[in-house]
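Trainee: What follows is coords.cif, made up of mmCIF, C-alpha atoms and all ligand atoms:
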data_structure
loop_
_atom_site.label_atom_id
_atom_site.label_comp_id
_atom_site.auth_asym_id
_atom_site.auth_seq_id
_atom_site.Cartn_x
_atom_site.Cartn_y
_atom_site.Cartn_z
CA MET V 4 7.12 -37.86 114.43
CA GLY V 5 10.46 -36.53 113.24
CA ILE V 6 12.64 -37.69 110.38
CA LYS V 7 14.41 -41.02 110.25
CA VAL V 8 17.72 -40.91 108.43
CA LYS V 9 19.66 -44.02 107.51
CA VAL V 10 23.23 -43.09 106.63
CA LEU V 11 24.76 -46.03 104.75
CA GLY V 12 27.93 -47.19 106.40
CA ARG V 13 27.24 -45.13 109.55
CA GLY V 14 23.94 -45.91 111.19
CA THR V 15 20.39 -44.63 111.64
CA TYR V 16 19.52 -41.29 113.20
CA GLU V 17 16.27 -39.61 114.27
CA ILE V 18 16.07 -35.87 113.87
CA GLU V 19 13.43 -33.40 114.91
CA TYR V 20 11.25 -31.97 112.14
CA ARG V 21 10.95 -28.23 111.73
CA ASN V 22 8.67 -26.30 109.41
CA GLY V 23 10.11 -25.67 105.98
CA MET V 24 12.98 -28.07 106.55
CA ARG V 25 15.01 -29.04 103.46
CA VAL V 26 17.43 -31.85 102.65
CA SER V 27 20.31 -29.42 103.17
CA ASP V 28 19.10 -28.80 106.75
CA VAL V 29 19.11 -32.55 107.40
CA PHE V 30 22.75 -32.68 106.23
CA LYS V 31 23.65 -29.75 108.49
CA LYS V 32 21.87 -31.29 111.47
CA LEU V 33 23.93 -34.46 111.07
CA GLY V 34 27.15 -32.57 110.38
CA LEU V 35 27.45 -33.99 106.86
CA LEU V 36 28.60 -32.28 103.69
CA SER V 37 26.18 -32.20 100.75
CA THR V 38 29.18 -32.84 98.49
CA GLU V 39 29.63 -36.19 100.26
CA TYR V 40 26.07 -37.63 100.36
CA VAL V 41 23.07 -38.14 98.11
CA ALA V 42 19.65 -38.28 99.80
CA VAL V 43 17.00 -40.74 98.67
CA ARG V 44 13.32 -40.91 99.74
CA ASN V 45 11.17 -43.87 98.68
CA GLY V 46 13.72 -44.76 96.03
CA GLU V 47 13.79 -41.23 94.59
CA VAL V 48 16.91 -39.09 94.58
CA LEU V 49 16.39 -35.71 96.27
CA ILE V 50 18.32 -32.54 95.64
CA GLU V 51 19.49 -30.43 98.60
CA ASP V 52 16.78 -27.79 98.09
CA GLU V 53 13.99 -30.36 98.26
CA LYS V 54 11.62 -29.96 101.23
CA VAL V 55 11.27 -32.84 103.66
CA ASN V 56 8.10 -33.77 105.52
CA ASP V 57 7.47 -34.86 109.08
CA GLY V 58 7.66 -38.65 109.20
CA ASP V 59 9.92 -38.97 106.16
CA GLU V 60 12.43 -41.77 105.99
CA LEU V 61 15.61 -40.83 104.15
CA VAL V 62 18.54 -42.95 103.05
CA LEU V 63 21.83 -41.15 102.57
CA TYR V 64 24.25 -42.70 100.09
CA ALA V 65 27.91 -41.87 100.55
CA VAL V 66 29.57 -40.24 97.59
CA VAL V 67 32.95 -41.05 99.06
CA SER V 68 33.72 -44.69 98.65
CA GLY V 69 36.89 -46.59 99.08
CA GLY V 70 37.69 -47.01 95.42
CA MET T 20 9.53 -29.22 94.60
CA VAL T 21 12.50 -28.17 92.53
CA LYS T 22 11.87 -28.67 88.84
CA CYS T 23 14.03 -29.82 85.94
CA SER T 24 15.27 -26.77 84.04
CA ILE T 25 14.43 -28.54 80.77
CA CYS T 26 11.12 -30.36 81.21
CA GLY T 27 9.73 -29.25 84.57
CA ARG T 28 9.64 -32.71 86.16
CA ARG T 29 10.98 -33.26 89.67
CA ALA T 30 14.75 -32.62 89.78
CA VAL T 31 17.25 -35.20 91.07
CA TYR T 32 20.40 -33.15 90.56
CA THR T 33 21.42 -29.51 90.53
CA SER T 34 24.72 -28.39 89.09
CA ARG T 35 25.93 -25.87 91.62
CA THR T 36 28.13 -24.16 89.05
CA SER T 37 25.57 -23.67 86.27
CA GLY T 38 22.51 -23.56 88.53
CA HIS T 39 20.67 -25.97 86.22
CA SER T 40 18.52 -28.73 87.67
CA TYR T 41 17.78 -32.03 85.98
CA CYS T 42 15.15 -34.75 86.29
CA ASN T 43 16.14 -38.45 86.05
CA ARG T 44 16.04 -38.47 82.29
CA HIS T 45 17.73 -35.14 81.72
CA PHE T 46 20.38 -35.90 84.32
CA THR T 47 21.25 -39.01 82.28
CA ASP T 48 21.46 -36.82 79.16
CA TYR T 49 23.63 -34.25 80.94
CA PHE T 50 25.93 -36.97 82.29
CA SER T 51 26.17 -38.76 78.97
CA LYS T 52 26.89 -35.55 77.05
CA LYS T 53 29.69 -34.67 79.44
CA VAL T 54 31.36 -38.08 79.16
CA ARG T 55 30.95 -38.21 75.38
CA ARG T 56 32.51 -34.75 75.15
CA THR T 57 35.56 -35.99 77.08
CA ILE T 58 35.79 -39.09 74.88
CA ARG T 59 35.63 -36.97 71.74
CA LYS T 60 37.89 -34.15 72.91
CA TYR T 61 40.74 -36.45 73.91
CA GLN T 62 40.02 -39.21 71.39
CA LEU T 63 39.92 -41.84 74.10
CA PHE T 64 38.61 -44.70 71.96
CA ARG T 65 38.98 -46.09 68.45
CA PRO T 66 36.27 -47.90 66.46
CA ASN T 67 37.91 -51.35 66.81
CA ASP T 68 38.95 -51.11 70.43
CA HIS T 69 38.75 -54.01 72.83
CA ILE T 70 38.01 -52.00 75.96
CA ILE T 71 39.05 -53.45 79.28
CA VAL T 72 37.06 -51.74 82.00
CA ALA T 73 38.98 -51.79 85.27
CA VAL T 74 36.38 -52.54 87.91
CA SER T 75 36.93 -52.07 91.63
CA GLY T 76 33.40 -53.17 92.43
CA GLY T 77 32.51 -49.71 93.69
CA LYS T 78 29.82 -47.49 92.20
CA ASP T 79 32.15 -45.50 89.95
CA SER T 80 33.57 -48.44 88.04
CA LEU T 81 30.16 -50.10 87.78
CA ALA T 82 28.76 -46.82 86.46
CA LEU T 83 31.55 -46.74 83.87
CA LEU T 84 30.84 -50.31 82.82
CA HIS T 85 27.12 -49.55 82.51
CA PHE T 86 27.78 -46.33 80.61
CA LEU T 87 30.24 -47.84 78.10
CA LYS T 88 27.98 -50.83 77.50
CA LYS T 89 25.15 -48.44 76.61
CA LEU T 90 27.45 -46.33 74.46
CA SER T 91 28.71 -49.42 72.60
CA ARG T 92 25.36 -49.53 70.79
CA TYR T 93 26.76 -46.70 68.69
CA SER T 94 30.18 -48.37 68.31
CA PRO T 95 29.28 -51.86 67.12
CA ARG T 96 32.90 -52.95 66.64
CA TRP T 97 33.85 -52.34 70.25
CA LYS T 98 34.46 -55.32 72.47
CA ILE T 99 34.10 -54.80 76.23
CA THR T 100 35.56 -56.92 79.02
CA ALA T 101 35.26 -56.14 82.72
CA LEU T 102 38.42 -56.78 84.73
CA LEU T 103 38.35 -56.94 88.49
CA VAL T 104 41.52 -56.93 90.55
CA ASP T 105 41.04 -58.78 93.82
CA GLU T 106 43.54 -57.30 96.27
CA GLY T 107 42.50 -59.66 99.02
CA ILE T 108 41.09 -57.29 101.61
CA SER T 109 38.90 -59.40 103.82
CA GLY T 110 35.43 -58.13 104.63
CA TYR T 111 35.66 -55.58 101.84
CA ARG T 112 36.49 -57.40 98.66
CA ASP T 113 34.49 -60.60 99.35
CA ILE T 114 31.22 -58.64 99.33
CA THR T 115 31.90 -56.68 96.16
CA ILE T 116 32.91 -59.67 93.99
CA LYS T 117 29.48 -61.27 94.34
CA ARG T 118 27.68 -58.07 93.39
CA PHE T 119 30.12 -57.51 90.51
CA GLN T 120 29.26 -60.92 89.05
CA GLU T 121 25.52 -60.17 89.25
CA ILE T 122 25.93 -56.85 87.48
CA VAL T 123 28.15 -58.12 84.63
CA SER T 124 25.70 -60.95 84.10
CA ASP T 125 22.78 -58.47 83.94
CA LEU T 126 24.69 -56.32 81.46
CA ALA T 127 25.83 -59.38 79.46
CA ILE T 128 29.51 -58.40 79.68
CA ASN T 129 32.43 -60.85 79.77
CA TYR T 130 34.64 -60.59 82.81
CA GLU T 131 37.94 -61.69 84.28
CA ILE T 132 39.21 -61.58 87.86
CA VAL T 133 42.91 -61.40 88.72
CA SER T 134 44.06 -61.66 92.29
CA PHE T 135 47.09 -60.41 94.20
CA LYS T 136 47.27 -63.83 95.85
CA GLU T 137 47.61 -65.72 92.57
CA GLU T 138 49.77 -63.23 90.72
CA LEU T 139 52.05 -61.99 93.50
CA GLY T 140 51.80 -64.76 96.05
CA TYR T 141 50.23 -62.66 98.79
CA THR T 142 47.03 -60.74 99.48
CA LEU T 143 47.11 -57.06 100.43
CA ASP T 144 46.15 -58.07 103.99
CA GLN T 145 49.20 -60.33 104.10
CA VAL T 146 51.47 -57.61 102.68
CA VAL T 147 50.31 -55.08 105.25
CA SER T 148 50.65 -57.44 108.20
CA SER T 149 54.02 -58.82 107.06
CA LYS T 150 57.29 -57.92 108.69
CA HIS T 151 58.52 -55.78 105.80
CA GLY T 152 55.12 -54.45 104.77
CA LYS T 153 55.20 -51.40 107.03
CA GLU T 154 57.60 -49.35 104.95
CA TYR T 155 54.79 -47.71 102.99
CA LEU T 156 51.10 -47.05 103.54
CA PRO T 157 48.75 -49.85 102.38
CA CYS T 158 47.49 -47.63 99.53
CA THR T 159 51.00 -47.49 98.06
CA TYR T 160 51.35 -51.28 97.82
CA CYS T 161 47.78 -51.58 96.61
CA GLY T 162 48.13 -48.86 93.96
CA VAL T 163 51.44 -50.11 92.58
CA PHE T 164 50.39 -53.76 92.39
CA ARG T 165 46.94 -52.93 91.00
CA ARG T 166 48.33 -50.83 88.14
CA TYR T 167 50.92 -53.51 87.43
CA LEU T 168 48.43 -56.39 87.30
CA LEU T 169 45.84 -54.35 85.43
CA ASN T 170 48.23 -53.74 82.55
CA LYS T 171 49.54 -57.28 82.52
CA ALA T 172 46.07 -58.86 82.62
CA ALA T 173 44.58 -56.42 80.10
CA ARG T 174 47.35 -57.30 77.64
CA LYS T 175 46.85 -61.04 78.17
CA ILE T 176 43.11 -60.72 77.51
CA GLY T 177 43.92 -58.91 74.28
CA GLY T 178 42.72 -55.47 75.35
CA THR T 179 43.72 -52.46 73.26
CA VAL T 180 42.74 -49.90 75.90
CA VAL T 181 42.09 -49.90 79.65
CA ALA T 182 39.31 -47.60 80.86
CA THR T 183 39.45 -46.65 84.53
CA ALA T 184 36.67 -44.93 86.47
CA HIS T 185 38.81 -42.13 87.90
CA ASN T 186 36.51 -39.16 88.27
CA LEU T 187 37.22 -35.44 88.60
CA ASP T 188 37.49 -35.73 92.39
CA ASP T 189 40.04 -38.59 92.22
CA ILE T 190 42.11 -36.72 89.68
CA ILE T 191 42.30 -33.41 91.50
CA GLN T 192 43.04 -35.20 94.80
CA THR T 193 46.01 -36.91 93.15
CA TYR T 194 47.03 -33.59 91.60
CA ILE T 195 47.10 -31.87 95.02
CA MET T 196 48.94 -34.84 96.57
CA ASN T 197 51.60 -34.64 93.87
CA ILE T 198 51.93 -30.89 94.24
CA ILE T 199 52.68 -31.50 97.92
CA GLY T 200 55.15 -34.23 96.96
CA ASN T 201 56.72 -32.04 94.24
CA ASP T 202 56.15 -35.00 91.90
CA TRP T 203 55.73 -33.37 88.52
CA ASP T 204 56.57 -36.53 86.61
CA LYS T 205 53.53 -38.10 88.28
CA ILE T 206 51.36 -35.10 87.41
CA ILE T 207 52.14 -35.70 83.73
CA ARG T 208 50.36 -39.05 84.09
CA LEU T 209 47.13 -37.30 85.16
CA ALA T 210 46.07 -36.57 81.59
CA PRO T 211 42.78 -38.13 80.36
CA ILE T 212 44.78 -40.46 78.12
CA SER T 213 48.15 -42.10 78.75
CA GLY T 214 51.13 -41.49 76.55
CA PRO T 215 52.54 -40.32 74.24
CA ALA T 216 55.41 -42.51 75.48
CA THR T 217 54.72 -46.13 74.59
CA HIS T 218 56.04 -49.61 75.18
CA PRO T 219 55.03 -52.78 73.31
CA ARG T 220 53.74 -54.28 76.53
CA LEU T 221 51.92 -51.18 77.76
CA VAL T 222 48.19 -50.97 77.14
CA ARG T 223 46.87 -47.43 76.62
CA LYS T 224 44.88 -46.08 79.56
CA VAL T 225 41.95 -43.68 79.45
CA LYS T 226 39.76 -41.89 81.99
CA PRO T 227 36.27 -41.25 80.51
CA PHE T 228 34.95 -39.78 83.81
CA TYR T 229 37.71 -37.15 83.85
CA GLU T 230 35.21 -34.26 83.97
CA ILE T 231 32.55 -35.96 86.08
CA LEU T 232 32.16 -35.13 89.78
CA GLU T 233 32.04 -37.99 92.24
CA LYS T 234 28.62 -36.76 93.32
CA GLU T 235 27.45 -37.20 89.72
CA THR T 236 28.72 -40.78 89.39
CA THR T 237 26.88 -41.50 92.65
CA VAL T 238 23.57 -40.15 91.34
CA TYR T 239 24.11 -42.09 88.10
CA ALA T 240 24.80 -45.28 90.07
CA ILE T 241 21.74 -44.85 92.30
CA ILE T 242 19.27 -44.18 89.48
CA ASN T 243 20.64 -47.13 87.51
CA ASN T 244 20.62 -49.52 90.48
CA LEU T 245 24.39 -49.90 90.53
CA TYR T 246 25.06 -48.61 94.01
CA THR T 247 26.20 -51.73 95.77
CA GLY T 248 25.89 -50.50 99.32
CA PHE T 249 28.52 -48.71 101.25
CA GLU T 250 31.81 -50.49 101.56
CA GLU T 251 34.72 -48.36 102.54
CA CYS T 252 38.15 -49.84 102.08
CA PRO T 253 39.41 -50.43 105.63
CA TYR T 254 42.74 -48.84 104.70
CA ALA T 255 41.28 -45.68 103.12
CA ARG T 256 41.45 -43.55 106.23
CA LEU T 257 45.17 -44.08 106.63
CA SER T 258 45.96 -42.17 103.48
CA LEU T 259 46.76 -38.55 102.80
CA ARG T 260 44.11 -38.73 100.10
CA TRP T 261 41.43 -39.02 102.75
CA TYR T 262 42.32 -35.64 104.29
CA ILE T 263 42.67 -33.93 100.93
CA ARG T 264 39.31 -35.26 99.78
CA ARG T 265 37.65 -33.92 102.92
CA TRP T 266 39.34 -30.54 102.52
CA LEU T 267 38.32 -30.26 98.85
CA ASN T 268 34.73 -31.20 99.69
CA GLU T 269 34.56 -28.55 102.40
CA LEU T 270 35.97 -26.01 100.00
CA GLU T 271 33.53 -26.99 97.24
CA GLU T 272 30.64 -26.67 99.69
CA LYS T 273 31.64 -23.09 100.52
CA ARG T 274 32.83 -22.14 97.05
CA PRO T 275 31.04 -24.17 94.37
CA GLY T 276 33.19 -24.49 91.28
CA THR T 277 36.47 -24.96 93.16
CA LYS T 278 36.87 -28.50 91.85
CA TYR T 279 36.44 -27.48 88.21
CA ALA T 280 38.89 -24.63 88.83
CA ILE T 281 41.51 -27.09 90.11
CA LEU T 282 40.92 -29.35 87.09
CA ASN T 283 41.51 -26.35 84.83
CA SER T 284 44.70 -25.63 86.71
CA LEU T 285 45.80 -29.22 86.07
CA LEU T 286 44.97 -28.97 82.36
CA SER T 287 47.02 -25.78 82.11
CA ILE T 288 50.06 -27.30 83.79
CA LEU T 289 49.77 -30.43 81.62
CA ASP T 290 49.90 -28.16 78.61
CA ILE T 291 52.90 -26.25 79.96
CA LEU T 292 54.72 -29.47 80.89
CA SER T 293 54.12 -31.00 77.47
CA LYS T 294 55.89 -28.03 75.89
CA LYS T 295 58.82 -28.06 78.27
CA THR T 296 61.75 -29.17 76.14
CA ASN T 297 63.84 -31.02 78.70
CA LEU T 298 60.83 -33.14 79.47
CA SER T 299 61.16 -35.92 76.98
CA LEU T 300 57.62 -37.21 76.98
CA ASN T 301 58.26 -39.22 73.87
CA GLU T 302 61.19 -41.10 75.32
CA GLU T 303 61.00 -44.86 75.30
CA ILE T 304 59.63 -46.40 78.43
CA ASP T 305 62.07 -48.78 80.10
CA THR T 306 61.63 -52.50 80.49
CA CYS T 307 61.97 -53.95 83.97
CA ILE T 308 65.07 -56.14 84.15
CA PHE T 309 63.29 -58.50 86.55
CA CYS T 310 59.88 -59.08 85.04
CA GLY T 311 60.02 -57.58 81.56
CA GLU T 312 57.04 -55.34 82.15
CA PRO T 313 57.07 -51.67 81.09
CA SER T 314 58.59 -49.44 83.73
CA ALA T 315 59.76 -45.89 84.33
CA ASN T 316 62.96 -47.29 85.80
CA PRO T 317 65.14 -50.32 85.03
CA ILE T 318 63.47 -52.00 87.99
CA CYS T 319 59.71 -51.52 88.07
CA ARG T 320 57.92 -50.32 91.19
CA ALA T 321 56.16 -53.66 91.62
CA CYS T 322 59.43 -55.62 91.54
CA ASP T 323 61.06 -53.03 93.78
CA LEU T 324 58.30 -53.47 96.38
CA LYS T 325 58.43 -57.24 95.96
CA THR T 326 62.15 -57.34 96.75
CA ARG T 327 61.54 -55.15 99.79
CA LEU T 328 58.81 -57.54 100.93
CA SER T 329 61.08 -60.51 100.37
CA SER T 330 61.20 -62.93 103.22
CA ILE T 331 64.95 -63.37 102.81
CA GLU T 332 66.54 -62.14 105.99
CA LEU T 333 69.16 -59.53 105.19
CA ASN T 334 71.05 -57.42 107.63
CA PRO T 335 70.57 -53.64 107.43
CA ASP T 336 73.90 -53.20 105.62
CA ALA T 337 72.82 -55.54 102.85
CA HIS T 338 69.56 -53.62 102.40
CA LYS T 339 71.52 -50.39 102.20
CA ARG T 340 73.83 -51.86 99.60
CA ILE T 341 70.89 -53.09 97.49
CA ASP T 342 69.37 -49.61 97.61
CA GLU T 343 72.66 -48.09 96.50
CA LEU T 344 72.92 -50.50 93.61
CA LYS T 345 69.37 -49.82 92.53
CA HIS T 346 70.06 -46.13 92.70
CA LEU T 347 73.26 -46.44 90.71
CA PHE T 348 71.58 -48.56 88.10
CA THR T 349 68.61 -46.25 87.86
CA ASN T 350 70.71 -43.14 87.45
CA LYS T 351 72.91 -44.73 84.87
CA TYR T 352 70.00 -45.31 82.55
CA ARG T 353 67.60 -42.62 83.36
CA ILE T 354 67.80 -38.90 83.60
CA LEU T 355 65.00 -37.51 85.71
CA PRO T 356 62.72 -35.54 83.40
CA ILE T 357 62.40 -32.67 85.81
CA THR T 358 64.93 -31.37 88.25
CA LYS T 359 63.12 -30.98 91.51
CA GLN T 360 63.63 -27.66 93.17
CA HIS T 361 64.18 -27.91 96.87
CA TYR T 362 63.54 -24.98 99.11
CA THR T 363 65.17 -25.28 102.47
CA THR T 364 64.89 -22.87 105.32
ZN ZN C 1 13.79 -33.10 82.65
ZN ZN C 2 59.30 -55.70 87.27
#
Represent the structure of the file as structure tokens.
Mentor:
Amino acid sequence: MGIKVKVLGRGTYEIEYRNGMRVSDVFKKLGLLSTEYVAVRNGEVLIEDEKVNDGDELVLYAVVSGG
Amino acid sequence: MVKCSICGRRAVYTSRTSGHSYCNRHFTDYFSKKVRRTIRKYQLFRPNDHIIVAVSGGKDSLALLHFLKKLSRYSPRWKITALLVDEGISGYRDITIKRFQEIVSDLAINYEIVSFKEELGYTLDQVVSSKHGKEYLPCTYCGVFRRYLLNKAARKIGGTVVATAHNLDDIIQTYIMNIIGNDWDKIIRLAPISGPATHPRLVRKVKPFYEILEKETTVYAIINNLYTGFEECPYARLSLRWYIRRWLNELEEKRPGTKYAILNSLLSILDILSKKTNLSLNEEIDTCIFCGEPSANPICRACDLKTRLSSIELNPDAHKRIDELKHLFTNKYRILPITKQHYTT
């Protein structure tokens, strides 16, 4: 199934799920800094240590905005 | 599942410096305590203040508006007005104004909008694409005109204080930029509260989010439904700030706590600078000879930029002569507070 990640302002990406995967791994996979994005699943904010599941849909909100 | 260090519910935020995790509710408490501590420590507000919240339309300023509105329950004599400066950046500003109006209406807050177009005669897009608008980066024009109009409009509305949503990240980025520029007189202005120099037409400025990380304002905005979608200013990537921000974020990722350490460095230098005797912080602020607004120089930055943008065709010699005159005039009335040291190889 994999994980669907919508990065606001960038686009949508599909990444492969691996056992024990965490939000921080999703950031790494996409080359993003955890200081620059906040991950949300079903309207709930996730911390970087939170585990993700196969089939999850995440929305990443940019911390960096233009003002 | 990572649990809240206080109540054990699912965590939405972990402070990487303290190691504490917080659920929705306890994150709000943590956030609120931090901002209230800043407000108290630097005495940002008075009981009868008419607070003008400078709103850009982005998550940080909407979070500030939301936060101060909630806090005003404990300060019944406060009056709050939201003030949006419309720079006239097409495709960016149009979207945020609509969302801004929805949010102020939800929060039952009065608002005002001032625009570059109406107040200066041109939008930022027009400035940047004009013949003389290439001298500086867009962010310079935008920053100078925004600050200028913010003060002017806040005063007209009857505001006693302007609250801006500058967060810890914004402040340390500016600090680093000014270190690079050797601009110590600008660093003095990075305190949580403006002053002590005053001018009858200058409204006091405060930064309640001084000790709040940008990541924290983002979480606050998301859980309070204030995140308006991602709109990046189309000019943002042209600025030095953009590189410094990236560099600081990479550093923070590898060495959590770096940002707080830089803020502490800034607070130390502010303390040192305030004690430096040849730095007359209490000196009277000048009045611009063109527009009558408060200014660090006899001609304010906004009027200076406006004359440079002037459509009057002057030959290069005339421009040079004007610069010389400005320089002469400036030096006659103002002694630079700090002698810049220049190291040359
Ligand atoms: Zn809790
Ligand atoms: Zn002026």
Trainee: Would you compute the distance between atom CA of Phe64 of chain T and atom CA of Leu245 of chain T? Give it in Å to one decimal.
Mentor: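 Rounded to one decimal, the two atoms are 24.0 Å apart.
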Trainee: Hey, which of V:Val26, V:Ala42, V:Val55, V:Val48 ends up closest to chain T? Count all atoms listed in the file.
Mentor: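 Nearest candidate to chain T out of V:Val26, V:Ala42, V:Val55, V:Val48: V:Val48.
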Trainee: Find the distance between atom CA of Glu230 of chain T and atom CA of Tyr279 of chain T and write it in Å to one decimal.
Mentor: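 Going from atom CA of Glu230 of chain T over to atom CA of Tyr279 of chain T, I get 8.1 Å.
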Trainee: Distance limit 9 Å, atoms considered: all atoms listed in the file. Which chain V residues sit that close to chain T? Return them as a list in words.
Mentor: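 Taken together, these residues fit the definition: Leu11, Gly12, Leu36, Ser37, Thr38, Glu39, Tyr40, Val41, Val43, Gly46, Glu47, Val48, Leu49, Ile50, Glu51, Asp52, Glu53, Lys54, Tyr64, Ala65, Val66, Val67, Ser68, Gly69 and Gly70 of chain V.
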Trainee: Residues as selected, C-alpha atoms, written as a tab-separated table (two decimals), keeping the file's coordinate frame, can you do that?
Mentor:
chain	number	residue	atom	x	y	z
V	11	LEU	CA	24.76	-46.03	104.75
V	12	GLY	CA	27.93	-47.19	106.40
V	36	LEU	CA	28.60	-32.28	103.69
V	37	SER	CA	26.18	-32.20	100.75
V	38	THR	CA	29.18	-32.84	98.49
V	39	GLU	CA	29.63	-36.19	100.26
V	40	TYR	CA	26.07	-37.63	100.36
V	41	VAL	CA	23.07	-38.14	98.11
V	43	VAL	CA	17.00	-40.74	98.67
V	46	GLY	CA	13.72	-44.76	96.03
V	47	GLU	CA	13.79	-41.23	94.59
V	48	VAL	CA	16.91	-39.09	94.58
V	49	LEU	CA	16.39	-35.71	96.27
V	50	ILE	CA	18.32	-32.54	95.64
V	51	GLU	CA	19.49	-30.43	98.60
V	52	ASP	CA	16.78	-27.79	98.09
V	53	GLU	CA	13.99	-30.36	98.26
V	54	LYS	CA	11.62	-29.96	101.23
V	64	TYR	CA	24.25	-42.70	100.09
V	65	ALA	CA	27.91	-41.87	100.55
V	66	VAL	CA	29.57	-40.24	97.59
V	67	VAL	CA	32.95	-41.05	99.06
V	68	SER	CA	33.72	-44.69	98.65
V	69	GLY	CA	36.89	-46.59	99.08
V	70	GLY	CA	37.69	-47.01	95.42
Trainee: Please return, as a PyMOL selection string, all polymer residues that have at least one atom within 8 Å of the point (10.7, -31.4, 113.6); use only C-alpha atoms and the file's own coordinate frame.
Mentor: chain V and resi 4-6+18-22+57
Trainee: Need the shell around Lys153 of chain T: protein/DNA/RNA residues with any atom at most 12 Å away, counting only C-alpha atoms. Skip same-chain ones fewer than 5 positions apart. Format as an MDAnalysis selection string?
Mentor: chainID T and resid 143:148 158:160 324 327:328
Trainee: Padding 5 Å on each side, edges along x, y and z: where is the centre of the box around the listed atoms of segment 30-37 of chain V, and how long are its edges in Å to one decimal? Output it as JSON.
Mentor:
{"center_x": 25.2, "center_y": -32.1, "center_z": 106.1, "size_x": 16.7, "size_y": 14.7, "size_z": 20.7}
Trainee: List all protein, DNA and RNA residues that have an atom no more than 10 Å from any atom of ligand ZN 2 (chain C), counting all atoms listed in the file, and report them as a compact mmCIF listing (two decimals) with C-alpha atoms, in the coordinates of the input.
Mentor:
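That gives us part.txt:
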# COMPACT_ATOMS: atom_id res chain seq x y z
CA TYR T 167 50.92 -53.51 87.43
CA THR T 306 61.63 -52.50 80.49
CA CYS T 307 61.97 -53.95 83.97
CA ILE T 308 65.07 -56.14 84.15
CA PHE T 309 63.29 -58.50 86.55
CA CYS T 310 59.88 -59.08 85.04
CA GLY T 311 60.02 -57.58 81.56
CA GLU T 312 57.04 -55.34 82.15
CA PRO T 313 57.07 -51.67 81.09
CA SER T 314 58.59 -49.44 83.73
CA ASN T 316 62.96 -47.29 85.80
CA PRO T 317 65.14 -50.32 85.03
CA ILE T 318 63.47 -52.00 87.99
CA CYS T 319 59.71 -51.52 88.07
CA ARG T 320 57.92 -50.32 91.19
CA ALA T 321 56.16 -53.66 91.62
CA CYS T 322 59.43 -55.62 91.54
CA ASP T 323 61.06 -53.03 93.78
CA LEU T 324 58.30 -53.47 96.38
CA LYS T 325 58.43 -57.24 95.96
Trainee: Just give me the gap between atom CA of Leu63 of chain V and atom CA of Val8 of chain V in Å, one decimal is fine.
Mentor: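 Separation of atom CA of Leu63 of chain V and atom CA of Val8 of chain V: 7.2 Å.
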Trainee: Some atoms are absent from segment 134-142 of chain T, so rebuild N, CA, C and O atoms and return them as a JSON list (two decimals), keeping the file's coordinate frame.
Mentor:
[["chain", "number", "residue", "atom", "x", "y", "z"],
["T", 134, "SER", "N", 43.87, -61.92, 90.87],
["T", 134, "SER", "CA", 44.06, -61.66, 92.29],
["T", 134, "SER", "C", 45.53, -61.48, 92.66],
["T", 134, "SER", "O", 46.41, -62.06, 92.04],
["T", 135, "PHE", "N", 45.74, -60.63, 93.65],
["T", 135, "PHE", "CA", 47.09, -60.41, 94.20],
["T", 135, "PHE", "C", 47.66, -61.76, 94.62],
["T", 135, "PHE", "O", 48.82, -62.07, 94.36],
["T", 136, "LYS", "N", 46.83, -62.55, 95.29],
["T", 136, "LYS", "CA", 47.27, -63.83, 95.85],
["T", 136, "LYS", "C", 47.86, -64.72, 94.75],
["T", 136, "LYS", "O", 48.95, -65.25, 94.90],
["T", 137, "GLU", "N", 47.13, -64.84, 93.64],
["T", 137, "GLU", "CA", 47.61, -65.72, 92.57],
["T", 137, "GLU", "C", 48.79, -65.14, 91.81],
["T", 137, "GLU", "O", 49.70, -65.86, 91.43],
["T", 138, "GLU", "N", 48.75, -63.84, 91.57],
["T", 138, "GLU", "CA", 49.77, -63.23, 90.72],
["T", 138, "GLU", "C", 51.05, -62.85, 91.48],
["T", 138, "GLU", "O", 52.12, -62.85, 90.91],
["T", 139, "LEU", "N", 50.88, -62.46, 92.73],
["T", 139, "LEU", "CA", 52.05, -61.99, 93.50],
["T", 139, "LEU", "C", 52.45, -62.96, 94.59],
["T", 139, "LEU", "O", 53.56, -62.92, 95.10],
["T", 140, "GLY", "N", 51.51, -63.80, 94.99],
["T", 140, "GLY", "CA", 51.80, -64.76, 96.05],
["T", 140, "GLY", "C", 51.27, -64.34, 97.41],
["T", 140, "GLY", "O", 51.31, -65.11, 98.36],
["T", 141, "TYR", "N", 50.80, -63.08, 97.51],
["T", 141, "TYR", "CA", 50.23, -62.66, 98.79],
["T", 141, "TYR", "C", 49.08, -61.67, 98.60],
["T", 141, "TYR", "O", 49.05, -60.93, 97.63],
["T", 142, "THR", "N", 48.14, -61.70, 99.52],
["T", 142, "THR", "CA", 47.03, -60.74, 99.48],
["T", 142, "THR", "C", 47.51, -59.41, 100.06],
["T", 142, "THR", "O", 48.55, -59.37, 100.72]]
